[in-house]
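To keep things clear, I will list the structure first and then write my remarks on it.
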Amino acid sequence: MSRRIGTPPGEPLREGKYARVERERRFLMAGPPPASAVTASRRITDRYLPGTRLRVRRVESLDSGDCEFKLTQKVPTGRPGHVQGLITNTYLSAAEYDLLASLPGEVLSKTRLGVPPLGIDVFDPPLHGLVLAEAEFTTDEAAQSFLPPQAAIAEVTDDARFTGSSLVQAHRHDLLAWLAEYGIKLQETE
């Protein structure tokens, strides 16, 4: 039985029949990794459906050209830490994806570079210049003991501005201001 959002913060979050606990840590990076370190490259296009906790995702492997389509629901915990909340994924056919992708929504596009154990996201305009690394974990212990990558500028796990649902609504001037708080300066028109 999963914990309902809004119950006491001390109560543990439990996986349900379909949802799993999402554990991740996020880091701002100064730039993308060297090409020699990348083991896989994927093009990700997310459409966030307004007024919901739903996201429709298209993932294209830049290595093979294969595509994967998902409908995702994320229910955040609303508290700091590596436990982000509950996540449920449903895999879709191309036709199901096309139908759901035709709904109104805000689009966020990026290239995800695999540099195990990290996924490093390099964002498209208007968020170009933003490079975020994330690591996912199956246990709390693994998340807590993880050492940040050496190239990390700052950990932003607890900064909700650097979540997809926030970034999809961000404007270029927002991003520039947020990054400046962490000592990263990008050009206005970069």
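Going through the structure tokens in order, the chains are called A, B, and so on, while each chain numbers its residues from 1 and the ligands are numbered from 1 in the order shown.
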Determine, using only C-alpha atoms, which residues of stretch 16-90 of chain A have any atom at most 9 Å from an atom of stretch 114-131 of chain A, and tabulate each with its shortest atom pair and distance in Å to one decimal place, rows ordered by chain and then rising number, as JSON lines.
```
{"residue": "A:Phe27", "atom": "CA", "partner": "A:Val131", "partner_atom": "CA", "distance": 8.6}
{"residue": "A:Leu28", "atom": "CA", "partner": "A:Val131", "partner_atom": "CA", "distance": 6.2}
{"residue": "A:Met29", "atom": "CA", "partner": "A:Val131", "partner_atom": "CA", "distance": 5.4}
{"residue": "A:Ala30", "atom": "CA", "partner": "A:Val131", "partner_atom": "CA", "distance": 7.0}
{"residue": "A:Gly31", "atom": "CA", "partner": "A:Val131", "partner_atom": "CA", "distance": 5.9}
{"residue": "A:Pro32", "atom": "CA", "partner": "A:Val131", "partner_atom": "CA", "distance": 6.4}
{"residue": "A:Pro33", "atom": "CA", "partner": "A:Ile120", "partner_atom": "CA", "distance": 8.0}
{"residue": "A:Ala37", "atom": "CA", "partner": "A:Val115", "partner_atom": "CA", "distance": 6.1}
{"residue": "A:Val38", "atom": "CA", "partner": "A:Val115", "partner_atom": "CA", "distance": 5.1}
{"residue": "A:Thr39", "atom": "CA", "partner": "A:Gly114", "partner_atom": "CA", "distance": 5.3}
{"residue": "A:Ala40", "atom": "CA", "partner": "A:Gly114", "partner_atom": "CA", "distance": 4.9}
{"residue": "A:Ser41", "atom": "CA", "partner": "A:Gly114", "partner_atom": "CA", "distance": 6.2}
{"residue": "A:Arg42", "atom": "CA", "partner": "A:Gly114", "partner_atom": "CA", "distance": 8.3}
```
Got time to write the residues from that selection, C-alpha atoms, as a CSV table (one decimal), in the first residue's frame?
```csv
chain,number,residue,atom,x,y,z
A,27,PHE,CA,24.0,17.6,-10.1
A,28,LEU,CA,24.8,20.7,-12.1
A,29,MET,CA,27.7,20.1,-14.4
A,30,ALA,CA,30.0,22.7,-16.1
A,31,GLY,CA,29.5,21.1,-19.4
A,32,PRO,CA,28.9,17.8,-21.2
A,33,PRO,CA,31.3,14.8,-20.7
A,37,ALA,CA,33.2,8.6,-21.7
A,38,VAL,CA,29.7,8.3,-23.3
A,39,THR,CA,28.4,4.7,-23.6
A,40,ALA,CA,24.9,5.6,-25.0
A,41,SER,CA,23.1,8.6,-26.4
A,42,ARG,CA,19.4,9.1,-26.5
```
Show me, as a PyMOL selection string, the residues that have an atom within 8 Å of stretch 65-77 of chain A when counting only C-alpha atoms, minus same-chain residues fewer than 2 positions from it.
chain A and resi 5+53-63+79+83-94+97
Neighbouring residues of A:Gly105 were defined as those with any atom within 12 Å, considering only C-alpha atoms; residues of the same chain fewer than 2 positions away were excluded. Please report them as a list of chain:residue names.
A:Thr45, A:Asp46, A:Arg47, A:Tyr48, A:Leu49, A:Pro50, A:Gly51, A:Thr52, A:Arg53, A:Leu54, A:Arg55, A:Val56, A:Arg57, A:Leu100, A:Ala101, A:Ser102, A:Leu103, A:Val107, A:Leu108, A:Ser165, A:Val168, A:Gln169
File dump, residues just selected, C-alpha atoms, as a PDB file, in the first residue's frame:
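Everything below was put into part30.pdb:
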```
ATOM      1  CA  THR A  45      11.261  14.639 -25.824  1.00  0.00           C
ATOM      2  CA  ASP A  46       8.904  15.096 -22.862  1.00  0.00           C
ATOM      3  CA  ARG A  47       5.407  16.551 -23.082  1.00  0.00           C
ATOM      4  CA  TYR A  48       4.050  17.604 -19.674  1.00  0.00           C
ATOM      5  CA  LEU A  49       0.254  17.578 -19.615  1.00  0.00           C
ATOM      6  CA  PRO A  50      -1.031  20.738 -17.869  1.00  0.00           C
ATOM      7  CA  GLY A  51      -2.926  20.407 -14.609  1.00  0.00           C
ATOM      8  CA  THR A  52      -1.721  16.824 -14.131  1.00  0.00           C
ATOM      9  CA  ARG A  53       1.281  14.892 -12.834  1.00  0.00           C
ATOM     10  CA  LEU A  54       1.571  13.166 -16.228  1.00  0.00           C
ATOM     11  CA  ARG A  55       4.338  13.212 -18.793  1.00  0.00           C
ATOM     12  CA  VAL A  56       4.445  11.587 -22.238  1.00  0.00           C
ATOM     13  CA  ARG A  57       7.994  10.669 -23.249  1.00  0.00           C
ATOM     14  CA  LEU A 100      -1.394  11.330 -26.177  1.00  0.00           C
ATOM     15  CA  ALA A 101       1.264  13.618 -27.682  1.00  0.00           C
ATOM     16  CA  SER A 102      -1.501  15.450 -29.535  1.00  0.00           C
ATOM     17  CA  LEU A 103      -2.882  16.713 -26.210  1.00  0.00           C
ATOM     18  CA  VAL A 107       7.604  20.305 -24.338  1.00  0.00           C
ATOM     19  CA  LEU A 108      11.098  19.807 -22.926  1.00  0.00           C
ATOM     20  CA  SER A 165       8.131  19.748 -14.378  1.00  0.00           C
ATOM     21  CA  VAL A 168       9.537  22.847 -18.852  1.00  0.00           C
ATOM     22  CA  GLN A 169       7.982  26.141 -17.691  1.00  0.00           C
TER      23      GLN A 169
END
```
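Atom to atom, atom CA of A:Glu141 and atom CA of A:Ile153 stand 23.3 Å apart.
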Going by DSSP on the backbone, which residues of stretch 11-189 of chain A come out as helix (DSSP H, G or I)? List them as a count of residues only.
34
With DSSP run on the backbone, what are the strand (DSSP E or B) residues within chain A? I'd like them as a PyMOL selection string.
chain A and resi 20-29+40-48+54-61+67-76+83-92+106-115+118-123+131-137+152-155
